[in-house]
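Text of the file query36.txt, holding compact mmCIF, C-alpha atoms:
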# COMPACT_ATOMS: atom_id res chain seq x y z
CA MET A 1 95.42 68.74 104.66
CA MET A 2 96.32 72.15 103.20
CA ASN A 3 96.17 72.56 99.41
CA THR A 4 99.35 73.33 97.50
CA GLU A 5 97.51 75.48 94.95
CA MET A 6 95.50 78.65 95.58
CA ASN A 7 93.52 80.94 93.30
CA LEU A 8 93.76 84.58 94.35
CA TYR A 9 91.05 87.00 93.26
CA ILE A 10 92.13 90.61 93.78
CA ALA A 11 89.41 93.26 94.09
CA ASN A 12 89.71 96.40 92.04
CA PRO A 13 88.99 99.07 93.23
CA ARG A 14 90.50 98.51 96.67
CA GLY A 15 92.56 100.41 99.23
CA PHE A 16 93.17 104.14 99.33
CA CYS A 17 90.34 106.45 98.30
CA ALA A 18 90.84 110.05 97.18
CA GLY A 19 89.99 111.46 100.63
CA VAL A 20 92.56 109.26 102.38
CA ASP A 21 95.19 109.97 99.72
CA ARG A 22 94.60 113.71 100.18
CA ALA A 23 94.72 113.56 104.00
CA ILE A 24 98.05 111.69 104.06
CA HIS A 25 99.46 114.04 101.41
CA ILE A 26 98.41 117.03 103.56
CA VAL A 27 100.48 115.74 106.51
CA GLU A 28 103.45 115.03 104.21
CA LEU A 29 103.26 118.53 102.65
CA ALA A 30 102.91 120.15 106.08
CA LEU A 31 106.07 118.34 107.26
CA GLU A 32 107.91 119.52 104.13
CA LYS A 33 106.71 123.11 104.48
CA TYR A 34 106.91 123.67 108.24
CA GLY A 35 109.40 120.99 109.30
CA ALA A 36 108.89 118.48 112.13
CA PRO A 37 107.02 118.29 114.36
CA VAL A 38 103.60 118.70 112.80
CA TYR A 39 100.78 117.73 115.14
CA VAL A 40 97.78 115.71 113.97
CA ARG A 41 94.54 115.60 115.97
CA HIS A 42 93.46 111.93 116.01
CA GLU A 43 94.72 109.29 113.56
CA ILE A 44 94.86 111.00 110.17
CA VAL A 45 93.24 107.83 108.78
CA HIS A 46 92.49 104.56 110.56
CA ASN A 47 95.59 102.60 109.65
CA LYS A 48 98.49 101.75 111.97
CA TYR A 49 101.03 101.33 109.15
CA VAL A 50 100.22 104.78 107.74
CA VAL A 51 100.25 106.44 111.17
CA GLU A 52 103.60 104.87 112.14
CA GLY A 53 105.12 105.90 108.79
CA LEU A 54 104.11 109.53 109.37
CA GLN A 55 105.36 109.40 112.98
CA LYS A 56 108.81 108.40 111.70
CA ARG A 57 108.80 111.53 109.56
CA GLY A 58 107.93 113.81 112.48
CA ALA A 59 104.15 113.79 112.84
CA ILE A 60 102.88 113.73 116.42
CA PHE A 61 99.38 112.30 116.89
CA VAL A 62 97.30 113.68 119.77
CA ASP A 63 93.75 113.23 121.03
CA GLU A 64 92.94 116.88 121.70
CA LEU A 65 94.22 120.38 120.91
CA ASP A 66 95.34 121.03 124.50
CA GLU A 67 98.27 118.68 123.74
CA VAL A 68 99.46 120.95 120.90
CA PRO A 69 101.73 123.98 121.50
CA ASN A 70 100.31 127.27 120.14
CA ASP A 71 103.28 127.81 117.80
CA LYS A 72 103.14 124.44 115.97
CA PRO A 73 100.93 123.52 112.99
CA VAL A 74 98.12 121.05 113.58
CA VAL A 75 96.23 118.94 111.02
CA PHE A 76 92.64 117.76 111.57
CA SER A 77 91.97 114.17 110.48
CA ALA A 78 90.09 113.02 107.36
CA HIS A 79 87.07 112.08 109.48
CA GLY A 80 86.17 115.71 110.23
CA VAL A 81 85.91 117.63 113.50
CA PRO A 82 83.17 119.37 115.49
CA LYS A 83 83.01 123.17 114.98
CA SER A 84 84.37 123.66 118.49
CA VAL A 85 87.81 122.38 117.38
CA PRO A 86 88.69 125.02 114.73
CA ALA A 87 87.06 127.62 116.99
CA GLU A 88 89.51 126.68 119.78
CA ALA A 89 92.44 126.73 117.33
CA GLU A 90 91.45 130.21 116.14
CA SER A 91 91.09 131.54 119.68
CA ARG A 92 94.66 130.33 120.34
CA LYS A 93 95.87 131.81 117.00
CA MET A 94 97.12 128.38 115.92
CA LEU A 95 97.99 127.42 112.37
CA TYR A 96 95.61 124.60 111.52
CA ILE A 97 95.06 122.65 108.31
CA ASP A 98 91.79 120.80 107.83
CA ALA A 99 92.24 117.39 106.12
CA THR A 100 88.53 116.52 106.39
CA CYS A 101 87.50 114.48 103.35
CA PRO A 102 85.50 116.75 100.99
CA LEU A 103 82.73 114.13 100.92
CA VAL A 104 82.45 114.34 104.72
CA SER A 105 82.44 118.16 104.49
CA LYS A 106 79.52 117.83 102.04
CA VAL A 107 77.52 116.05 104.77
CA HIS A 108 78.43 118.82 107.25
CA ARG A 109 77.09 121.51 104.86
CA GLU A 110 73.98 119.42 104.25
CA ALA A 111 73.26 119.26 108.00
CA GLU A 112 73.64 123.04 108.25
CA ARG A 113 71.31 123.57 105.30
CA TYR A 114 68.63 121.32 106.78
CA ASP A 115 69.00 123.11 110.11
CA LYS A 116 68.42 126.50 108.43
CA GLN A 117 65.27 125.06 106.85
CA GLY A 118 64.03 124.17 110.34
CA SER A 119 64.18 120.42 109.65
CA GLU A 120 64.57 117.79 112.34
CA ILE A 121 67.80 116.00 111.33
CA VAL A 122 68.37 112.26 111.72
CA MET A 123 71.87 110.87 111.20
CA ILE A 124 72.45 107.21 110.37
CA GLY A 125 75.84 106.23 111.77
CA HIS A 126 77.91 104.50 114.44
CA LYS A 127 77.91 106.17 117.83
CA GLY A 128 81.39 107.29 118.91
CA HIS A 129 82.94 107.11 115.43
CA PRO A 130 85.06 110.25 114.80
CA GLU A 131 83.12 111.08 111.64
CA VAL A 132 79.81 110.96 113.50
CA ILE A 133 81.18 113.08 116.35
CA GLY A 134 82.45 115.61 113.78
CA THR A 135 79.18 115.78 111.85
CA MET A 136 76.97 116.03 114.92
CA GLY A 137 79.32 118.73 116.22
CA GLN A 138 78.48 121.02 113.28
CA LEU A 139 75.27 122.00 115.08
CA PRO A 140 74.31 122.65 118.71
CA GLU A 141 73.88 119.58 120.90
CA GLY A 142 70.56 117.82 120.37
CA ALA A 143 70.04 119.24 116.86
CA ILE A 144 70.94 115.91 115.21
CA HIS A 145 69.35 112.61 116.29
CA LEU A 146 71.59 109.55 115.79
CA VAL A 147 70.18 106.17 114.77
CA GLU A 148 72.33 103.05 114.38
CA ASP A 149 69.69 100.50 113.34
CA THR A 150 65.99 100.01 112.66
CA SER A 151 65.19 99.54 116.37
CA ASP A 152 66.54 103.07 117.00
CA VAL A 153 64.15 104.32 114.32
CA GLU A 154 61.21 102.65 116.08
CA LYS A 155 62.09 104.44 119.35
CA LEU A 156 62.71 107.82 117.68
CA GLU A 157 60.37 110.60 118.81
CA LEU A 158 60.58 113.91 116.94
CA SER A 159 58.74 117.12 117.81
CA ASN A 160 58.25 118.09 114.15
CA SER A 161 57.61 114.84 112.32
CA ASP A 162 56.38 116.64 109.17
CA ASN A 163 59.74 118.31 108.51
CA VAL A 164 62.43 115.63 108.80
CA ALA A 165 65.64 115.10 106.83
CA TYR A 166 68.32 112.44 107.10
CA ILE A 167 72.07 112.32 106.54
CA THR A 168 74.44 109.37 106.86
CA GLN A 169 78.00 108.53 107.81
CA THR A 170 79.98 108.11 104.57
CA THR A 171 81.42 104.65 105.33
CA LEU A 172 78.32 102.57 106.06
CA SER A 173 77.10 99.32 104.55
CA LEU A 174 74.82 100.16 101.60
CA ASP A 175 72.52 97.22 102.30
CA ASP A 176 72.13 97.90 106.03
CA THR A 177 71.65 101.63 105.45
CA SER A 178 68.91 101.08 102.88
CA GLU A 179 66.95 99.07 105.51
CA ILE A 180 67.26 101.95 108.00
CA ILE A 181 66.24 104.51 105.35
CA GLU A 182 63.21 102.34 104.54
CA ALA A 183 62.26 102.30 108.24
CA LEU A 184 62.65 106.11 108.44
CA LYS A 185 60.46 106.58 105.35
CA GLY A 186 57.86 104.27 106.85
CA LYS A 187 57.75 106.34 110.05
CA PHE A 188 58.21 109.80 108.49
CA PRO A 189 56.73 109.59 104.96
CA SER A 190 57.74 113.17 104.02
CA ILE A 191 61.39 112.73 105.11
CA LYS A 192 63.90 114.47 102.80
CA ASP A 193 66.64 112.49 101.01
CA PRO A 194 70.12 114.01 100.65
CA LYS A 195 70.52 115.72 97.25
CA LYS A 196 73.23 113.17 96.48
CA GLU A 197 73.76 109.97 98.48
CA ASP A 198 76.03 110.52 101.50
CA ILE A 199 77.72 107.11 101.42
CA CYS A 200 80.85 107.91 99.47
CA TYR A 201 81.75 106.59 96.02
CA ALA A 202 84.76 104.68 97.41
CA THR A 203 82.71 102.88 100.07
CA THR A 204 80.12 101.93 97.44
CA ASN A 205 82.73 100.78 94.91
CA ARG A 206 84.70 98.70 97.43
CA GLN A 207 81.55 97.00 98.74
CA ASN A 208 80.39 96.17 95.20
CA ALA A 209 83.85 94.76 94.39
CA VAL A 210 83.73 92.55 97.52
CA LYS A 211 80.29 91.24 96.48
CA GLU A 212 81.96 90.03 93.26
CA LEU A 213 84.78 88.39 95.25
CA ALA A 214 82.21 86.65 97.47
CA LYS A 215 80.63 85.06 94.39
CA LYS A 216 83.95 83.61 93.21
CA ALA A 217 86.08 82.86 96.29
CA ASP A 218 85.80 80.34 99.13
CA MET A 219 87.01 83.01 101.54
CA VAL A 220 87.58 86.79 101.46
CA LEU A 221 90.40 88.54 103.32
CA ILE A 222 90.02 92.25 104.00
CA ILE A 223 93.13 94.25 104.84
CA GLY A 224 92.31 97.07 107.22
CA ALA A 225 92.33 98.27 110.80
CA PRO A 226 89.86 97.04 113.44
CA ASN A 227 88.79 100.67 114.06
CA SER A 228 88.23 101.33 110.34
CA SER A 229 84.48 101.50 109.74
CA ASN A 230 84.69 100.97 105.99
CA SER A 231 87.02 97.94 106.39
CA ARG A 232 84.70 96.26 108.91
CA ARG A 233 81.76 96.85 106.56
CA LEU A 234 83.65 95.00 103.78
CA VAL A 235 83.94 91.92 106.01
CA GLU A 236 80.19 92.15 106.78
CA VAL A 237 79.35 92.48 103.07
CA ALA A 238 81.36 89.36 102.16
CA ARG A 239 79.69 87.38 104.95
CA LYS A 240 76.25 88.66 104.01
CA TYR A 241 76.86 87.40 100.47
CA GLY A 242 77.59 83.92 101.78
CA CYS A 243 81.37 83.94 101.96
CA ARG A 244 83.63 83.39 104.94
CA SER A 245 85.59 86.56 105.63
CA GLU A 246 88.28 87.81 108.02
CA LEU A 247 89.82 91.22 108.74
CA ILE A 248 93.62 91.42 109.01
CA GLN A 249 95.94 94.38 109.40
CA ARG A 250 98.99 92.74 107.84
CA ALA A 251 100.27 89.43 106.46
CA ALA A 252 101.61 88.48 109.91
CA GLU A 253 98.01 88.20 111.16
CA ILE A 254 97.05 85.51 108.63
CA ASN A 255 96.11 82.26 110.34
CA TRP A 256 97.13 79.65 107.78
CA GLU A 257 94.81 77.07 109.37
CA TRP A 258 91.93 79.07 107.85
CA PHE A 259 92.95 77.67 104.45
CA ASP A 260 92.97 73.93 105.16
CA ASP A 261 89.93 73.34 102.95
CA ILE A 262 90.07 76.52 100.86
CA LYS A 263 90.98 76.62 97.16
CA SER A 264 90.36 80.28 96.35
CA VAL A 265 90.78 83.52 98.29
CA GLY A 266 89.47 86.98 97.50
CA ILE A 267 91.63 89.89 98.68
CA SER A 268 90.58 93.49 99.16
CA ALA A 269 91.56 96.42 101.35
CA GLY A 270 89.69 99.16 103.18
CA ALA A 271 89.94 102.78 102.01
CA SER A 272 92.69 103.59 104.52
CA ALA A 273 94.93 100.57 103.79
CA PRO A 274 97.96 101.23 101.55
CA GLU A 275 98.71 99.07 98.50
CA ILE A 276 102.02 97.91 100.01
CA LEU A 277 100.03 95.85 102.56
CA VAL A 278 98.03 94.19 99.76
CA GLU A 279 101.30 93.24 98.07
CA GLU A 280 102.65 91.92 101.38
CA VAL A 281 99.60 89.62 101.78
CA MET A 282 99.81 88.42 98.16
CA ASN A 283 103.52 87.63 98.60
CA ALA A 284 102.74 85.66 101.77
CA PHE A 285 100.34 83.49 99.73
CA LYS A 286 102.89 83.09 96.95
CA GLU A 287 105.41 81.75 99.47
CA LYS A 288 102.95 79.15 100.78
CA PHE A 289 101.13 78.10 97.61
CA GLU A 290 101.33 77.77 93.87
CA THR A 291 99.15 80.78 93.10
CA LYS A 292 97.07 81.86 90.15
CA VAL A 293 96.16 85.55 90.38
CA GLU A 294 93.11 87.13 88.75
CA ASN A 295 92.17 90.81 89.03
CA ILE A 296 88.44 91.44 89.36
CA LEU A 297 87.69 94.93 88.03
CA THR A 298 84.21 96.25 88.81
CA VAL A 299 84.68 99.97 88.10
CA GLU A 300 87.49 102.39 87.20
CA GLU A 301 88.15 105.12 89.78
CA ASN A 302 89.68 108.46 88.81
CA VAL A 303 88.56 110.80 91.62
CA THR A 304 91.13 113.21 93.06
CA PHE A 305 90.79 116.06 95.58
CA LYS A 306 92.94 119.18 95.81
CA VAL A 307 94.97 119.90 98.94
CA PRO A 308 94.42 123.21 100.81
CA ALA A 309 96.05 126.16 99.04
CA ILE A 310 98.08 127.07 102.15
CA LEU A 311 100.30 124.03 101.49
CA THR A 312 101.02 124.75 97.85
CA LYS A 313 101.49 128.52 97.78
CA ASP A 314 104.80 130.17 98.53
CA ASP A 315 104.69 132.37 101.64
CA ALA A 316 107.54 134.54 100.39
Could I get this structure in the form of structure tokens?
Amino acid sequence: MMNTEMNLYIANPRGFCAGVDRAIHIVELALEKYGAPVYVRHEIVHNKYVVEGLQKRGAIFVDELDEVPNDKPVVFSAHGVPKSVPAEAESRKMLYIDATCPLVSKVHREAERYDKQGSEIVMIGHKGHPEVIGTMGQLPEGAIHLVEDTSDVEKLELSNSDNVAYITQTTLSLDDTSEIIEALKGKFPSIKDPKKEDICYATTNRQNAVKELAKKADMVLIIGAPNSSNSRRLVEVARKYGCRSELIQRAAEINWEWFDDIKSVGISAGASAPEILVEEVMNAFKEKFETKVENILTVEENVTFKVPAILTKDDA
């Protein structure tokens, strides 16, 4: 029988990171400055609620630039794009605004630097993810070797095994990535580390917060999209730390049968999930149970990123 009382542990930090905040703000500012429609190549961030909200305001989401008229502004998503995309926009004299997260751009510059040094570059990431496609597209095809797990490392053959460097997708699981890095270092002892870790501060902070939830709660709910890499990693982290965990996009997706024998629930949200969805889930619990809410603060976040100058300066 379902309990009538439920303890809610709310992770902090959770939800929007500075890169997501900036990307959404870029689309909003572009709509204000240029008027609707503003085109956006790919989902600006991986969240249906956010995308639908921007669509209502006049954003049109497309897969490729050939769907965008030459005379309309286009925004590139927070995940980053291959070099071929801005090159195409420039050849068509399009107005484009790059909303790539600055921490993803850092990885792009790192790859270019390693390439100039003649290093063989290995990228740890998920094949087909937009961020990986964007990063690998900074250099000619074949210049970056992608590995997803330790078995990929075992199979990896490099022509210059004495000059190897690695980069990573910014939204990976810290624990899983450290195993892959260990395997790379075992195979290529002189491999170069990034100057500063590529996995972004927000990914790290949200995973550490979920580890704390997993210690306290019987179950952890992560609010995020199924195609959001960082949200899926949060579910994996909770499970790895011995706690049952489920990914939901909104309160409507909660299966209340999950809580038949549960007395405490941890709640967090991926970096592209807005706070309004966290509140919606908490309110759903408050309607069903007598709730006691405790905020679990692991670290204070105060990172912000500037938007491109084109959106803030007056063209007059």
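One finds atom CA of A:Arg233 at 17.0 Å from atom CA of A:Lys215.
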Compare A:His46, A:His129, A:Lys286, A:Arg41 by their minimum atom-to-atom distance to A:Ala89, counting only C-alpha atoms, and give me the closest one. A:Arg41
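Across A:Asp152, A:Glu212, A:Glu120, A:Glu131, the tightest approach to A:Ile191 is made by A:Glu120 when counting all atoms listed in the file.
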Would you mind listing, for every residue of stretch 7-68 of chain A within 10 Å of stretch 235-250 of chain A, the two atoms forming the shortest contact and the distance between them in Å to one decimal, using only C-alpha atoms, sorted by chain and ascending residue number, as CSV?
residue,atom,partner,partner_atom,distance
A:Asn47,CA,A:Gln249,CA,8.2
A:Lys48,CA,A:Gln249,CA,8.2
A:Tyr49,CA,A:Gln249,CA,8.6
Go ahead and dump the residues you just picked, C-alpha atoms, as a PDB file, in the coordinates of the input.
ATOM      1  CA  ASN A  47      95.590 102.600 109.650  1.00  0.00           C
ATOM      2  CA  LYS A  48      98.490 101.750 111.970  1.00  0.00           C
ATOM      3  CA  TYR A  49     101.030 101.330 109.150  1.00  0.00           C
TER       4      TYR A  49
END
With 3 Å added on each side, what axis-aligned box encloses every listed atom of stretch 294-302 of chain A? Give the centre and edge lengths in Å to one decimal, as lines of an AutoDock Vina configuration file.
center_x = 88.7
center_y = 97.8
center_z = 88.5
size_x = 14.9
size_y = 27.3
size_z = 8.6
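Between atom CA of A:Ile181 and atom CA of A:Leu158 lies a distance of 16.0 Å.
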Between A:Thr304, A:Asn295, A:Ser105, A:Asn255, single out the one closest to A:Gly134, counting all atoms listed in the file. A:Ser105
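Note that atom CA of A:Leu184 and atom CA of A:Glu154 are 8.5 Å apart.
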For each of A:Val68, A:Ile10, A:Ala36, A:Cys17, take the minimum atom-to-atom distance to A:Thr204, counting only C-alpha atoms, then give the residue where this is smallest. A:Cys17
Which residues are near A:Ala11? Cut-off 6 Å, all atoms listed in the file, ignore same chain within fewer than 6 positions. Put them as number ranges by chain. A: 209, 268, 296
